[in-house]
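Okay, so here's the structure we're looking at.
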Amino acid sequence: MDLGIAGRRALVCASSKGLGLACATALAQEGCEVTINGRDAQALEQAAQRLRERTGAKVSIIAADLNTVAGRERIIAACPDPDILVNNNAGPPPGNWADFRREDWLAAVESNMLAPIALIQAFVPGMRARQFGRVVNITSAMVKAPFVHMSLSTTARAGLTAFCKAVSRDVAADNVTINNLLPERIDTGRQKFMIERRAKLDGVSLDEARRAISNTIAAKRFGTPEEFASACAYLCSDLAAFISGQNVQVDGGTYPGLV
């Protein structure tokens with residue numbers, strides 16, 4: 001299937017590894033010119049070189065911290081007119097909601113709500129003027145099915161979801177779409193951290209913790225980054241122009257609700 005985005009410029013945030021890198025790879029395979037972002041310039045260049053070798057795509061890097069105003073300004077200056085924006089960032093830590101301090105809430109809101117909103121504000125006007133734009137925010141299954149120990153993530157990302165739903169209605173007539181991908185148990189470094197946390201809390205082995213977590217998924221396995229990235233690439237495509245303002249769950253069929 002030709003997704004119709006060969007030659008489009010794509011910016012993928014927090015993409016030296018994990019879901020961000022998987023999405024950058026999928027877009028590069030579709031012929032996009034890809035810019036990847038992270039804080040570690042050496043790790044970024046290594047990821048970019050692997051991407052070039054694997055896909056033959058034009059790949060640029062921006063070493064900048066999404067969680068700071070200066071970092072976001074650097075990203076915007078270096079890649080001022082992307083056609084595709086994939087917002088991604090590290091998730092806030094889990095924990096006891098009663099123990100979170102004001103600083104914890106501010107950090108979560110900065111990284112998982114204000115950072116993506118700032119990039120949307122910077123890039124969507126140009127997308128509208130060019131009559132093409134795709135924004136995909138990587139959020140979390142916790143947005144629709146909150147767990148109390150993930151309250152930092154749920155709160156910040158639910159705010160982003162509300163903002164994007166409102167904006168998506170305003171920009172749809174200009175062929176600009178804004179959608180959210182909600183991962184649940186995709187096999188990345190983040191899941192390794194969660195497995196280690198579960199093993200420590202339950203006093204079990206890593207293998208036992210992994211099995212216990214995967215058994216909470218309807219498919220009885222973790223998803224792969226490639227499966228997640230394929231969904232991202234489709235939402236970024238020319239073919240997905242009539243899909244906007246949606247929360248698409250990539251969760252092995254786990255979410256129990258209707259909407």
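So you can find residues: chains in the structure tokens are A, B, ... in the order shown, residues in each start at 1, and ligands are numbered from 1 in order.
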
Which polymer residues have any atom within 10 Å of an atom of Thr224 of chain A, counting only C-alpha atoms, with same-chain residues fewer than 5 positions away left out, as an mmCIF file with C-alpha atoms, in the first residue's frame?
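Result went into out_17.cif, see below:
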```cif
data_model
loop_
_atom_site.group_PDB
_atom_site.id
_atom_site.type_symbol
_atom_site.label_atom_id
_atom_site.label_comp_id
_atom_site.auth_asym_id
_atom_site.auth_seq_id
_atom_site.Cartn_x
_atom_site.Cartn_y
_atom_site.Cartn_z
ATOM 1 C CA LEU A 19 8.568 4.019 20.093
ATOM 2 C CA ALA A 22 10.210 2.866 15.537
ATOM 3 C CA ARG A 185 2.441 -2.807 26.886
ATOM 4 C CA ILE A 186 4.612 -2.328 23.831
ATOM 5 C CA ASP A 187 7.930 -4.144 24.235
ATOM 6 C CA THR A 188 10.320 -1.214 24.777
ATOM 7 C CA ALA A 229 4.822 2.311 14.271
#
```

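The protein and nucleic acid residues lying at most 7 Å from Val250 of chain A are Leu181, Leu182, Pro183, Glu184, Phe228, Val248 and Gly252 of chain A, with only C-alpha atoms considered and sequence neighbours fewer than 2 positions away removed.
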
Mind checking DSSP for segment 109-253 of chain A and telling me the helix (DSSP H, G or I) residues as an MDAnalysis selection string? chainID A and resid 109:130 141:143 148:174 189:202 206:214 225:235 238:240

Write out, as a tab-separated table, each residue of segment 59-137 of chain A that has an atom at most 9 Å from segment 34-41 of chain A, together with the closest pair of atoms and their distance in Å to one decimal, counting only C-alpha atoms, rows going by chain and rising number.
```
residue	atom	partner	partner_atom	distance
A:Val59	CA	A:Val34	CA	4.9
A:Ser60	CA	A:Thr35	CA	4.6
A:Ile61	CA	A:Ile36	CA	5.0
A:Ile62	CA	A:Asn37	CA	4.9
A:Ala63	CA	A:Arg39	CA	5.1
A:Ala64	CA	A:Arg39	CA	5.1
A:Asp65	CA	A:Arg39	CA	5.3
A:Leu66	CA	A:Gly38	CA	7.9
A:Ile75	CA	A:Asn37	CA	8.1
A:Cys79	CA	A:Thr35	CA	7.7
```

Kindly save the residues from that selection, with C-alpha atoms included, as a compact mmCIF listing (two decimals), in the first residue's frame.
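Dumped to result03.txt:
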```
# COMPACT_ATOMS: atom_id res chain seq x y z
CA VAL A 59 17.74 11.76 8.14
CA SER A 60 18.64 14.83 10.22
CA ILE A 61 19.12 15.19 13.96
CA ILE A 62 18.27 17.86 16.52
CA ALA A 63 19.89 17.45 19.92
CA ALA A 64 17.57 19.37 22.24
CA ASP A 65 15.62 18.87 25.45
CA LEU A 66 11.88 18.92 24.80
CA ILE A 75 13.76 22.28 17.54
CA CYS A 79 12.92 22.18 11.54
```

Report the closest atom pair, with its distance in Å rounded to one decimal, for each residue of segment 26-142 of chain A that has an atom no farther than 9 Å from segment 155-179 of chain A; count only C-alpha atoms, sort by chain and then rising residue number, and write it as JSON lines.
```
{"residue": "A:Trp105", "atom": "CA", "partner": "A:Ala156", "partner_atom": "CA", "distance": 8.2}
{"residue": "A:Ala108", "atom": "CA", "partner": "A:Ala156", "partner_atom": "CA", "distance": 6.1}
{"residue": "A:Val109", "atom": "CA", "partner": "A:Ala156", "partner_atom": "CA", "distance": 4.9}
{"residue": "A:Glu110", "atom": "CA", "partner": "A:Ala156", "partner_atom": "CA", "distance": 8.3}
{"residue": "A:Ser111", "atom": "CA", "partner": "A:Ala156", "partner_atom": "CA", "distance": 8.4}
{"residue": "A:Asn112", "atom": "CA", "partner": "A:Ala156", "partner_atom": "CA", "distance": 5.7}
{"residue": "A:Met113", "atom": "CA", "partner": "A:Leu160", "partner_atom": "CA", "distance": 5.0}
{"residue": "A:Leu114", "atom": "CA", "partner": "A:Leu160", "partner_atom": "CA", "distance": 7.8}
{"residue": "A:Pro116", "atom": "CA", "partner": "A:Leu160", "partner_atom": "CA", "distance": 7.8}
{"residue": "A:Ile117", "atom": "CA", "partner": "A:Leu160", "partner_atom": "CA", "distance": 7.1}
{"residue": "A:Ile120", "atom": "CA", "partner": "A:Cys164", "partner_atom": "CA", "distance": 8.9}
{"residue": "A:Val124", "atom": "CA", "partner": "A:Val176", "partner_atom": "CA", "distance": 7.7}
{"residue": "A:Pro125", "atom": "CA", "partner": "A:Val171", "partner_atom": "CA", "distance": 9.0}
{"residue": "A:Met127", "atom": "CA", "partner": "A:Val176", "partner_atom": "CA", "distance": 6.7}
{"residue": "A:Arg128", "atom": "CA", "partner": "A:Asp174", "partner_atom": "CA", "distance": 5.3}
{"residue": "A:Ala129", "atom": "CA", "partner": "A:Asp174", "partner_atom": "CA", "distance": 7.8}
{"residue": "A:Arg130", "atom": "CA", "partner": "A:Asp174", "partner_atom": "CA", "distance": 8.4}
{"residue": "A:Gln131", "atom": "CA", "partner": "A:Asp174", "partner_atom": "CA", "distance": 5.2}
{"residue": "A:Phe132", "atom": "CA", "partner": "A:Asn175", "partner_atom": "CA", "distance": 5.1}
{"residue": "A:Gly133", "atom": "CA", "partner": "A:Val176", "partner_atom": "CA", "distance": 4.3}
{"residue": "A:Arg134", "atom": "CA", "partner": "A:Thr177", "partner_atom": "CA", "distance": 5.0}
{"residue": "A:Val135", "atom": "CA", "partner": "A:Ile178", "partner_atom": "CA", "distance": 4.6}
{"residue": "A:Val136", "atom": "CA", "partner": "A:Asn179", "partner_atom": "CA", "distance": 5.0}
{"residue": "A:Asn137", "atom": "CA", "partner": "A:Asn179", "partner_atom": "CA", "distance": 6.4}
{"residue": "A:Ile138", "atom": "CA", "partner": "A:Asn179", "partner_atom": "CA", "distance": 8.9}
{"residue": "A:Thr139", "atom": "CA", "partner": "A:Arg157", "partner_atom": "CA", "distance": 6.2}
{"residue": "A:Ser140", "atom": "CA", "partner": "A:Arg157", "partner_atom": "CA", "distance": 7.5}
{"residue": "A:Met142", "atom": "CA", "partner": "A:Arg157", "partner_atom": "CA", "distance": 8.5}
```

Neighbour list for Ala122 of chain A as a PyMOL selection string, cut-off 12 Å, only C-alpha atoms, skip fewer than 6 positions in-chain: chain A and resi 72-77+79-82+85+115-116+128

Dump of C-alpha atoms for the selected residues, as a CSV table (one decimal), in the first residue's frame:
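Written file, out39.csv:
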```csv
chain,number,residue,atom,x,y,z
A,72,ARG,CA,11.8,23.5,22.0
A,73,GLU,CA,12.9,26.8,20.4
A,74,ARG,CA,16.0,25.0,19.1
A,75,ILE,CA,13.8,22.3,17.5
A,76,ILE,CA,11.4,24.8,15.9
A,77,ALA,CA,14.3,26.8,14.5
A,79,CYS,CA,12.9,22.2,11.5
A,80,PRO,CA,10.5,25.1,10.9
A,81,ASP,CA,8.1,23.5,8.4
A,82,PRO,CA,7.4,19.8,8.9
A,85,LEU,CA,4.8,15.9,13.6
A,115,ALA,CA,5.8,20.5,25.2
A,116,PRO,CA,3.6,18.9,22.6
A,128,ARG,CA,-2.7,24.8,7.3
```

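Counting from atom CA of Thr55 of chain A, the distance to atom CA of Gln249 of chain A is 27.0 Å.
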
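When only C-alpha atoms are used to measure the gap to Lys220 of chain A, the shortest distance among A:Thr254, A:Ala47, A:Asn67, A:Ala107 belongs to A:Thr254.
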
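Among the candidates A:Gly56, A:Gly20, A:Pro94, A:Gly7, the one nearest to Cys32 of chain A when counting only C-alpha atoms is A:Gly7.
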
Segment 32-232 of chain A: residues DSSP assigns to strand (DSSP E or B), reported as a PDB file with N, CA and C atoms, in the first residue's frame:
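So the final result, stored in part26.pdb, reads:
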```pdb
ATOM      1  N   GLU A  33      11.419  12.412   4.490  1.00  0.00           N
ATOM      2  CA  GLU A  33      12.639  12.982   5.041  1.00  0.00           C
ATOM      3  C   GLU A  33      12.401  13.140   6.541  1.00  0.00           C
ATOM      4  N   VAL A  34      13.214  12.503   7.346  1.00  0.00           N
ATOM      5  CA  VAL A  34      12.930  12.392   8.773  1.00  0.00           C
ATOM      6  C   VAL A  34      13.949  13.164   9.599  1.00  0.00           C
ATOM      7  N   THR A  35      13.439  13.913  10.569  1.00  0.00           N
ATOM      8  CA  THR A  35      14.281  14.550  11.570  1.00  0.00           C
ATOM      9  C   THR A  35      13.985  13.898  12.906  1.00  0.00           C
ATOM     10  N   ILE A  36      15.042  13.403  13.569  1.00  0.00           N
ATOM     11  CA  ILE A  36      14.865  12.783  14.867  1.00  0.00           C
ATOM     12  C   ILE A  36      15.440  13.677  15.945  1.00  0.00           C
ATOM     13  N   ASN A  37      14.946  13.498  17.161  1.00  0.00           N
ATOM     14  CA  ASN A  37      15.282  14.396  18.261  1.00  0.00           C
ATOM     15  C   ASN A  37      15.579  13.607  19.532  1.00  0.00           C
ATOM     16  N   GLY A  38      16.472  14.146  20.320  1.00  0.00           N
ATOM     17  CA  GLY A  38      16.779  13.601  21.631  1.00  0.00           C
ATOM     18  C   GLY A  38      17.772  14.509  22.313  1.00  0.00           C
ATOM     19  N   VAL A  59      18.015  11.690   6.703  1.00  0.00           N
ATOM     20  CA  VAL A  59      17.739  11.760   8.143  1.00  0.00           C
ATOM     21  C   VAL A  59      18.597  12.853   8.766  1.00  0.00           C
ATOM     22  N   SER A  60      17.948  13.760   9.497  1.00  0.00           N
ATOM     23  CA  SER A  60      18.635  14.825  10.221  1.00  0.00           C
ATOM     24  C   SER A  60      18.415  14.634  11.716  1.00  0.00           C
ATOM     25  N   ILE A  61      19.258  15.283  12.502  1.00  0.00           N
ATOM     26  CA  ILE A  61      19.117  15.187  13.958  1.00  0.00           C
ATOM     27  C   ILE A  61      19.025  16.573  14.568  1.00  0.00           C
ATOM     28  N   ILE A  62      18.312  16.650  15.699  1.00  0.00           N
ATOM     29  CA  ILE A  62      18.270  17.859  16.519  1.00  0.00           C
ATOM     30  C   ILE A  62      18.470  17.434  17.965  1.00  0.00           C
ATOM     31  N   ALA A  63      19.631  17.736  18.519  1.00  0.00           N
ATOM     32  CA  ALA A  63      19.891  17.453  19.921  1.00  0.00           C
ATOM     33  C   ALA A  63      19.331  18.600  20.758  1.00  0.00           C
ATOM     34  N   ILE A  84       4.720  16.545   8.884  1.00  0.00           N
ATOM     35  CA  ILE A  84       4.291  15.523   9.840  1.00  0.00           C
ATOM     36  C   ILE A  84       5.000  15.780  11.159  1.00  0.00           C
ATOM     37  N   LEU A  85       4.239  15.794  12.240  1.00  0.00           N
ATOM     38  CA  LEU A  85       4.795  15.938  13.580  1.00  0.00           C
ATOM     39  C   LEU A  85       4.349  14.755  14.422  1.00  0.00           C
ATOM     40  N   VAL A  86       5.300  14.009  14.946  1.00  0.00           N
ATOM     41  CA  VAL A  86       5.001  12.943  15.901  1.00  0.00           C
ATOM     42  C   VAL A  86       5.512  13.404  17.258  1.00  0.00           C
ATOM     43  N   ASN A  87       4.585  13.717  18.144  1.00  0.00           N
ATOM     44  CA  ASN A  87       4.934  14.151  19.496  1.00  0.00           C
ATOM     45  C   ASN A  87       5.130  12.936  20.389  1.00  0.00           C
ATOM     46  N   GLY A 133      -1.155  18.474   6.675  1.00  0.00           N
ATOM     47  CA  GLY A 133      -0.466  18.312   7.955  1.00  0.00           C
ATOM     48  C   GLY A 133      -0.984  17.100   8.692  1.00  0.00           C
ATOM     49  N   ARG A 134      -0.074  16.409   9.353  1.00  0.00           N
ATOM     50  CA  ARG A 134      -0.439  15.262  10.175  1.00  0.00           C
ATOM     51  C   ARG A 134       0.281  15.386  11.517  1.00  0.00           C
ATOM     52  N   VAL A 135      -0.498  15.376  12.576  1.00  0.00           N
ATOM     53  CA  VAL A 135       0.047  15.378  13.933  1.00  0.00           C
ATOM     54  C   VAL A 135      -0.403  14.099  14.615  1.00  0.00           C
ATOM     55  N   VAL A 136       0.549  13.354  15.132  1.00  0.00           N
ATOM     56  CA  VAL A 136       0.242  12.169  15.928  1.00  0.00           C
ATOM     57  C   VAL A 136       0.933  12.327  17.276  1.00  0.00           C
ATOM     58  N   ASN A 137       0.157  12.268  18.336  1.00  0.00           N
ATOM     59  CA  ASN A 137       0.696  12.336  19.685  1.00  0.00           C
ATOM     60  C   ASN A 137       0.726  10.931  20.278  1.00  0.00           C
ATOM     61  N   ILE A 138       1.890  10.516  20.726  1.00  0.00           N
ATOM     62  CA  ILE A 138       1.989   9.246  21.438  1.00  0.00           C
ATOM     63  C   ILE A 138       1.668   9.531  22.904  1.00  0.00           C
ATOM     64  N   VAL A 176      -5.513  19.121   7.723  1.00  0.00           N
ATOM     65  CA  VAL A 176      -4.605  18.883   8.847  1.00  0.00           C
ATOM     66  C   VAL A 176      -5.330  18.008   9.854  1.00  0.00           C
ATOM     67  N   THR A 177      -4.728  16.878  10.197  1.00  0.00           N
ATOM     68  CA  THR A 177      -5.339  15.972  11.157  1.00  0.00           C
ATOM     69  C   THR A 177      -4.489  15.890  12.416  1.00  0.00           C
ATOM     70  N   ILE A 178      -5.164  15.675  13.535  1.00  0.00           N
ATOM     71  CA  ILE A 178      -4.494  15.510  14.823  1.00  0.00           C
ATOM     72  C   ILE A 178      -5.106  14.292  15.506  1.00  0.00           C
ATOM     73  N   ASN A 179      -4.284  13.296  15.746  1.00  0.00           N
ATOM     74  CA  ASN A 179      -4.746  12.071  16.383  1.00  0.00           C
ATOM     75  C   ASN A 179      -3.779  11.653  17.478  1.00  0.00           C
ATOM     76  N   ASN A 180      -4.262  10.796  18.355  1.00  0.00           N
ATOM     77  CA  ASN A 180      -3.455  10.288  19.451  1.00  0.00           C
ATOM     78  C   ASN A 180      -3.355   8.769  19.360  1.00  0.00           C
ATOM     79  N   LEU A 181      -2.163   8.254  19.570  1.00  0.00           N
ATOM     80  CA  LEU A 181      -1.956   6.811  19.669  1.00  0.00           C
ATOM     81  C   LEU A 181      -1.737   6.448  21.131  1.00  0.00           C
ATOM     82  N   LEU A 182      -2.493   5.463  21.608  1.00  0.00           N
ATOM     83  CA  LEU A 182      -2.471   5.088  23.015  1.00  0.00           C
ATOM     84  C   LEU A 182      -1.858   3.689  23.162  1.00  0.00           C
ATOM     85  N   PRO A 183      -0.564   3.620  23.447  1.00  0.00           N
ATOM     86  CA  PRO A 183       0.061   2.307  23.580  1.00  0.00           C
ATOM     87  C   PRO A 183      -0.253   1.656  24.921  1.00  0.00           C
ATOM     88  N   ILE A 186       3.761  -2.123  24.996  1.00  0.00           N
ATOM     89  CA  ILE A 186       4.612  -2.328  23.831  1.00  0.00           C
ATOM     90  C   ILE A 186       6.023  -2.653  24.339  1.00  0.00           C
ATOM     91  N   GLY A 223       3.020  -6.005  22.635  1.00  0.00           N
ATOM     92  CA  GLY A 223       3.084  -5.563  21.254  1.00  0.00           C
ATOM     93  C   GLY A 223       4.514  -5.251  20.854  1.00  0.00           C
TER      94      GLY A 223
END
```
